[in-house]
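J.: This is work-v9.tsv, which holds TSV, C-alpha atoms:
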```
chain	number	residue	atom	x	y	z
I	1	PRO	CA	104.04	86.68	91.44
I	2	GLU	CA	105.97	85.60	94.54
I	3	ILE	CA	105.27	88.91	96.31
I	4	VAL	CA	101.54	88.68	95.55
I	5	ALA	CA	101.53	85.04	96.72
I	6	ALA	CA	103.20	86.10	99.98
I	7	ALA	CA	100.55	88.80	100.46
I	8	CYS	CA	97.85	86.12	100.06
I	9	VAL	CA	99.05	84.22	103.16
I	10	LYS	CA	96.51	86.32	105.08
I	11	ASN	CA	93.72	84.90	102.83
I	12	ALA	CA	92.57	82.32	105.39
I	13	HIS	CA	89.15	81.78	103.78
I	14	HIS	CA	90.66	81.16	100.32
I	15	LEU	CA	88.62	83.93	98.72
I	16	PRO	CA	89.19	84.80	95.05
I	17	VAL	CA	92.08	87.26	94.75
I	18	ARG	CA	91.62	90.77	93.33
I	19	LEU	CA	94.82	92.67	92.47
I	20	MET	CA	94.42	96.45	92.78
I	21	PHE	CA	96.78	99.39	92.38
I	22	GLN	CA	96.07	102.38	94.63
I	23	ASP	CA	97.21	105.98	94.70
I	24	GLU	CA	96.01	109.43	95.64
I	25	ALA	CA	96.42	112.78	93.92
I	26	ARG	CA	95.67	116.40	94.64
I	27	PHE	CA	93.17	118.32	92.49
I	28	GLY	CA	91.90	121.84	92.95
I	29	ARG	CA	91.90	125.40	91.76
I	30	MET	CA	95.55	125.73	90.70
I	31	SER	CA	95.71	126.04	86.90
I	32	ASP	CA	97.13	123.30	84.70
I	33	PRO	CA	98.17	125.11	81.49
I	34	ARG	CA	98.82	122.75	78.60
I	35	ALA	CA	99.46	123.02	74.88
I	36	CYS	CA	96.32	123.35	72.79
I	37	TRP	CA	95.34	123.88	69.17
I	38	ALA	CA	93.97	127.08	67.69
I	39	PRO	CA	93.30	127.94	64.04
I	40	ALA	CA	96.09	129.85	62.30
I	41	PRO	CA	97.01	132.67	62.71
I	42	HIS	CA	95.45	132.85	66.20
I	43	ARG	CA	97.44	132.24	69.31
I	44	PRO	CA	95.47	130.54	72.10
I	45	THR	CA	95.13	132.29	75.42
I	46	VAL	CA	94.48	130.43	78.64
I	47	ASN	CA	93.29	131.88	81.94
I	48	LEU	CA	95.37	131.15	85.01
I	49	ALA	CA	94.36	130.68	88.62
I	50	LEU	CA	96.90	130.90	91.39
I	51	VAL	CA	94.54	129.87	94.15
I	52	ARG	CA	95.91	127.06	96.31
I	53	GLU	CA	92.79	125.14	97.31
I	54	PHE	CA	92.90	121.38	96.97
I	55	ALA	CA	91.12	118.15	97.76
I	56	TYR	CA	92.52	114.66	97.38
I	57	GLU	CA	91.21	111.93	95.15
I	58	TYR	CA	91.87	108.36	96.22
I	59	ALA	CA	91.63	105.72	93.50
I	60	ALA	CA	92.32	102.03	93.04
I	61	VAL	CA	92.19	100.22	89.73
I	62	SER	CA	91.84	96.47	89.12
I	63	PRO	CA	93.82	95.68	85.96
I	64	GLY	CA	92.15	92.27	85.63
I	65	ASP	CA	88.67	93.60	84.95
I	66	GLY	CA	89.15	97.38	84.67
I	67	ALA	CA	87.17	98.22	87.82
I	68	LEU	CA	87.96	101.67	89.18
I	69	ASP	CA	87.06	102.76	92.70
I	70	HIS	CA	87.52	106.30	93.97
I	71	MET	CA	86.76	108.65	96.84
I	72	THR	CA	87.24	112.38	97.49
I	73	CYS	CA	88.84	113.47	100.77
I	74	GLU	CA	89.71	116.80	102.28
I	75	LYS	CA	93.12	115.56	103.41
I	76	MET	CA	95.62	112.86	102.59
I	77	ASN	CA	96.16	111.19	105.94
I	78	THR	CA	95.67	107.91	107.81
I	79	ASP	CA	91.99	108.60	108.55
I	80	SER	CA	91.25	109.14	104.86
I	81	MET	CA	93.21	106.01	103.93
I	82	ASN	CA	91.26	104.03	106.54
I	83	ARG	CA	87.98	105.23	105.00
I	84	PHE	CA	89.11	104.34	101.47
I	85	VAL	CA	90.42	100.89	102.40
I	86	GLY	CA	87.20	100.29	104.32
I	87	GLN	CA	85.20	101.23	101.22
I	88	ILE	CA	87.24	98.78	99.11
I	89	SER	CA	86.93	96.02	101.73
I	90	LYS	CA	83.16	96.40	101.91
I	91	LYS	CA	82.66	96.53	98.11
I	92	TYR	CA	84.80	93.44	97.53
I	93	CYS	CA	83.78	91.58	100.70
I	94	LYS	CA	83.65	88.23	98.86
I	95	GLU	CA	87.19	88.67	97.51
I	96	PHE	CA	90.68	89.00	98.96
I	97	VAL	CA	92.20	92.30	97.79
I	98	VAL	CA	95.95	92.57	97.27
I	99	MET	CA	96.47	96.32	97.10
I	100	VAL	CA	99.71	97.59	95.59
I	101	LEU	CA	100.61	101.10	96.73
I	102	ASP	CA	103.49	103.46	97.31
I	103	GLY	CA	105.26	104.05	100.59
I	104	ALA	CA	103.39	107.19	101.68
I	105	SER	CA	103.35	107.62	105.45
I	106	SER	CA	99.57	107.11	105.60
I	107	HIS	CA	100.06	103.70	103.92
I	108	LYS	CA	102.44	102.55	106.66
I	109	SER	CA	100.94	104.21	109.73
I	110	LYS	CA	100.55	102.15	112.90
I	111	ASP	CA	97.02	103.59	113.11
I	112	LEU	CA	96.04	102.16	109.73
I	113	ALA	CA	93.27	99.56	110.13
I	114	VAL	CA	93.79	97.01	107.37
I	115	PRO	CA	90.67	94.81	107.01
I	116	ASN	CA	91.00	91.02	107.04
I	117	ASN	CA	90.23	90.73	103.32
I	118	VAL	CA	92.91	93.26	102.30
I	119	SER	CA	96.69	92.93	102.16
I	120	PHE	CA	99.17	95.63	101.14
I	121	VAL	CA	102.18	95.30	98.86
I	122	LEU	CA	104.48	98.32	98.85
I	123	LEU	CA	106.11	99.46	95.63
I	124	PRO	CA	109.85	100.17	95.71
I	125	PRO	CA	110.64	103.78	96.74
I	126	TYR	CA	110.59	106.44	94.01
I	127	SER	CA	108.92	104.24	91.41
I	128	PRO	CA	105.60	105.83	90.40
I	129	GLU	CA	106.11	104.45	86.90
I	130	LEU	CA	105.20	101.00	88.28
I	131	ASN	CA	101.73	102.15	89.37
I	132	PRO	CA	99.09	102.25	86.60
I	133	THR	CA	96.92	104.52	88.76
I	134	GLU	CA	99.35	107.31	87.82
I	135	GLN	CA	97.97	107.02	84.27
I	136	ILE	CA	94.48	107.70	85.60
I	137	TRP	CA	95.73	110.94	87.14
I	138	ASN	CA	97.42	111.92	83.86
I	139	MET	CA	94.21	111.25	81.95
I	140	LEU	CA	92.09	113.16	84.48
I	141	ARG	CA	94.40	116.19	84.38
I	142	ARG	CA	94.60	116.16	80.58
I	143	ASP	CA	90.92	115.62	79.82
I	144	TYR	CA	89.19	117.39	82.72
I	145	PHE	CA	91.57	119.98	84.16
I	146	ALA	CA	93.87	121.24	81.41
I	147	ASN	CA	93.40	124.94	80.65
I	148	ARG	CA	90.42	125.23	83.02
I	149	VAL	CA	89.85	127.74	85.80
I	150	PHE	CA	87.37	126.88	88.55
I	151	ASP	CA	85.38	129.46	90.52
I	152	SER	CA	85.37	127.33	93.66
I	153	LEU	CA	86.93	124.24	95.18
I	154	ALA	CA	83.51	122.59	94.99
I	155	ALA	CA	83.51	123.09	91.20
I	156	ALA	CA	86.98	121.53	90.90
I	157	ILE	CA	85.92	118.56	93.05
I	158	GLN	CA	82.79	118.12	90.94
I	159	GLN	CA	84.95	118.10	87.80
I	160	ALA	CA	87.30	115.47	89.28
I	161	GLU	CA	84.39	113.28	90.36
I	162	LYS	CA	82.77	113.64	86.91
I	163	GLY	CA	85.99	112.54	85.23
I	164	LEU	CA	86.52	109.61	87.59
I	165	ALA	CA	82.89	108.49	87.19
I	166	THR	CA	83.26	108.58	83.39
I	167	MET	CA	86.45	106.51	83.64
I	168	GLU	CA	84.83	104.11	86.11
I	169	ALA	CA	81.99	103.46	83.65
I	170	ASP	CA	84.43	102.44	80.89
I	171	LYS	CA	85.94	99.23	82.28
I	172	ASN	CA	87.48	98.28	78.93
I	173	ALA	CA	89.41	101.56	78.77
I	174	MET	CA	90.57	101.14	82.38
I	175	LYS	CA	91.69	97.58	81.70
I	176	SER	CA	93.57	98.70	78.59
I	177	LEU	CA	95.17	101.56	80.53
I	178	SER	CA	96.23	99.48	83.53
I	179	ASN	CA	96.77	95.85	82.50
I	180	TRP	CA	100.43	96.12	81.56
I	181	PRO	CA	102.29	92.96	80.41
I	182	TRP	CA	104.08	92.41	83.74
I	183	ILE	CA	100.81	92.92	85.65
I	184	ASN	CA	99.00	90.54	83.29
I	185	ALA	CA	101.72	87.93	83.97
I	186	ILE	CA	100.98	88.23	87.71
I	187	LEU	CA	97.23	87.94	87.11
I	188	ASN	CA	97.73	84.77	85.09
I	189	THR	CA	99.66	83.10	87.93
I	190	THR	CA	97.29	83.93	90.84
```
As structure tokens - that is how I would like this structure written.
T.:
Amino acid sequence: PEIVAAACVKNAHHLPVRLMFQDEARFGRMSDPRACWAPAPHRPTVNLALVREFAYEYAAVSPGDGALDHMTCEKMNTDSMNRFVGQISKKYCKEFVVMVLDGASSHKSKDLAVPNNVSFVLLPPYSPELNPTEQIWNMLRRDYFANRVFDSLAAAIQQAEKGLATMEADKNAMKSLSNWPWINAILNTT
């Protein structure tokens, strides 16, 4: 709670605070073989693709209400992060967003333009287990990419966007997935 309170010092207009957890992940044409069921005595077979074509999905989840925001980018870099943070700032223009994220170089770049209604809180190094957005990636890979082969990068991107849109529509599931006890304790003190 103290770290979030310190991040709110920038909240000069005393806007309502929205806590968000942000991350990005790579999705594309590389296969994701996983265990699956098949009726006995059959042994399942899964096609593989060894094509290395990727796009990046940016996502931020609000554990308080289960809102999920996402964007597809060609690269993971400062320009893409600027676009995503700008999208978040515009959508939540009547709120002050405290965005918790990892220490990726694009999150700390001197060229990063952090809007006035957004403040960053960096997670400790090597601690992805503290970011509930990682669970969104696990769910997306399991439910939309496991044992699938895509004919094109566009098809893989379409699949990722379909999965993220489905998750975005189910705010209760996103809240359940992301509102961990320690996060809920922070939300109840802000």
J.: Taking into account all atoms listed in the file, which residue in the set I:Phe120, I:Phe84, I:Trp37, I:Tyr144 is nearest to Lys10 of chain I?
T.: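 Looking only at the distances to Lys10 of chain I, the closest residue turns out to be I:Phe120.
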J.: Using all atoms listed in the file, pick whichever of I:Asn147, I:Gln135, I:Asn82, I:Gln159 has the shortest atom-to-atom distance to Phe27 of chain I.
T.: I:Gln159
J.: Kindly indicate which residue among I:Ala146, I:Val85, I:Met20, I:Val100 lies nearest to Val46 of chain I, using all atoms listed in the file for the distances.
T.: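 Residue with the minimum atom-to-atom distance to Val46 of chain I: I:Ala146.
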J.: Enter the distance from atom CA of Leu101 of chain I to atom CA of Ala165 of chain I, in Å, rounded to one decimal.
T.: 21.4 Å
J.: In terms of the shortest atom-to-atom distance over only C-alpha atoms, which of I:Val9, I:Cys36, I:Ala173, I:Val17 is closest to Glu95 of chain I?
T.: I:Val17
J.: Record the distance separating atom CA of Ile88 of chain I and atom CA of Gly66 of chain I, expressed in Å with one decimal.
T.: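 So the two atoms, atom CA of Ile88 of chain I and atom CA of Gly66 of chain I, lie 14.6 Å apart.
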J.: Box along x, y and z, 8 Å on every side, all listed atoms of segment 149-156 of chain I inside: centre and edge lengths in Å to one decimal, as lines of an AutoDock Vina configuration file.
T.:
```
center_x = 86.7
center_y = 125.5
center_z = 90.5
size_x = 22.3
size_y = 23.9
size_z = 25.4
```
J.: Tell me, in Å to one decimal, how far atom CA of Leu140 of chain I is from atom CA of Ala38 of chain I.
T.: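 Computing it gives 21.9 Å between the two atoms.
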